[in-house]
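First the structure, in the form of structure tokens, and then the observations on it.
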Amino acid sequence: MSQITTGIDNFKIEKTEEEVYYFFYKSQPNQIIEISGICDDCNECVYDYVKKLDGLEKCPNCKSELWTSSKCAFEFFETDEDDDAIAGFAYRDFSESELDHYKIGTMTIQGLINVDKEIVRVVEYDNDDKGTLGLEEPFENYGIKYFSKDIYDALPRISLFTDEWRIHWEQSIIYNNKLEKIN
Ligand SMILES: [Zn+2]
């Protein structure tokens with residue numbers, strides 16, 4: 001076997017001599033991608049409590065004056081750390097809808113990272129759930145500095161992301177250029 005088909009336009013997972021990793025994560029639909037009613041101080045969701053309030057109050061969790069905002073899943077990877085830049089470069093979400101104080105949709109981490117060429121390519125989806133692998137983009141576009149952290153440093157970040165956001169993946173594989181699963 002020298003290639004794995006993905007069902008995604010332009011995206012072939014193929015054997016090569018170059019150091020390439022193929023990310024192939026897609027969630028079930030209706031995953032939580034944004035939560036509103038998060039306490040700005042302690043990061044707890046206090047939406048149900050806030051709903052019953054008339055005016056300003058204290059956070060039931062941390063007791064500070066209560067200000068709330070939304071938290072988006074993609075922000076997990078926006079840490080300026082190299083392991084998150086590698087783990088999250090291909091994160092996308094789509095097919096959004098609202099449910100109570102959540103936004104729900106489908107998440108993907110699909111694309112490839114070519115360490116020899118220092119480029120990535122990312123799969124984007126349209127509203128008909130059709131994916132296409134994008135063009136080559138340099139590491140700088142995604143803040144990736146590969147040589148301080150590598151793919152194995154990024155794997156625990158994806159695991160933690162999966163736990164924190166309670167994501168159910170339909171596919172969750174990373175292949176190397178020999179078509180071995182590395183996660
Ligand atoms: Zn709080």
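To be explicit about the labels: the chains of the structure tokens are called A, B, and onward in the order shown, and within each one the residues are counted from 1, while ligands get numbers from 1 in the order they are shown.
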Taking a cut-off of 6 Å and counting only C-alpha atoms and all ligand atoms, can you build a table that, for each residue of chain A near ligand 1, reports the nearest atom pair and how far apart they are in Å (one decimal), sorted by chain then residue number, as a tab-separated table?
```
residue	atom	partner	partner_atom_place_in_ligand_line	distance
A:Cys39	CA	ligand 1	1 (Zn)	4.6
A:Asp41	CA	ligand 1	1 (Zn)	5.0
A:Cys42	CA	ligand 1	1 (Zn)	4.1
A:Glu44	CA	ligand 1	1 (Zn)	6.0
A:Cys59	CA	ligand 1	1 (Zn)	4.6
A:Asn61	CA	ligand 1	1 (Zn)	4.9
A:Cys62	CA	ligand 1	1 (Zn)	4.1
```
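The environment of Asp153 of chain A within 10 Å, counting only C-alpha atoms and disregarding residues fewer than 3 places along the same chain, consists of Asp82, Asp83, Asp84, Ile86, Ala87, Ser148, Lys149, Asp150, Pro156, Arg157 and Ile158 of chain A.
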If we count only C-alpha atoms and set the cut-off at 10 Å, which residues sit around Ala73 of chain A, ignoring sequence neighbours fewer than 3 positions away in its own chain? Please answer as an MDAnalysis selection string.
chainID A and resid 32:35 76:78 91:93 107 161 164:165
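Across A:Lys103, A:Phe94, A:Glu18, A:Gly7, the tightest approach to Asp126 of chain A is made by A:Phe94 when counting only C-alpha atoms.
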Using DSSP on the backbone coordinates, identify all residues within chain A classified as helix (DSSP H, G or I); present the result as a PyMOL selection string.
chain A and resi 47-51+73-77+82-88+139-142+151-164
Name all residues at most 10 Å from Asn177 of chain A (count only C-alpha atoms; drop same-chain ones fewer than 5 positions away) and give them as a list in words.
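The neighbour list is Ser2, Gln3, Ile13, Glu14, Lys15, Thr16, Glu17, Glu18, Glu19, Val20, Tyr21, Tyr22 and Asn114 of chain A.
Distances to Ile182 of chain A were evaluated for A:Ser36, A:Asn10, A:Phe24, A:Glu170 using only C-alpha atoms, and the minimum falls at A:Phe24.
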In Å, how far is it from atom CA of Gly105 of chain A to atom CA of Gly88 of chain A?
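Result for atom CA of Gly105 of chain A versus atom CA of Gly88 of chain A: 17.1 Å, one decimal.
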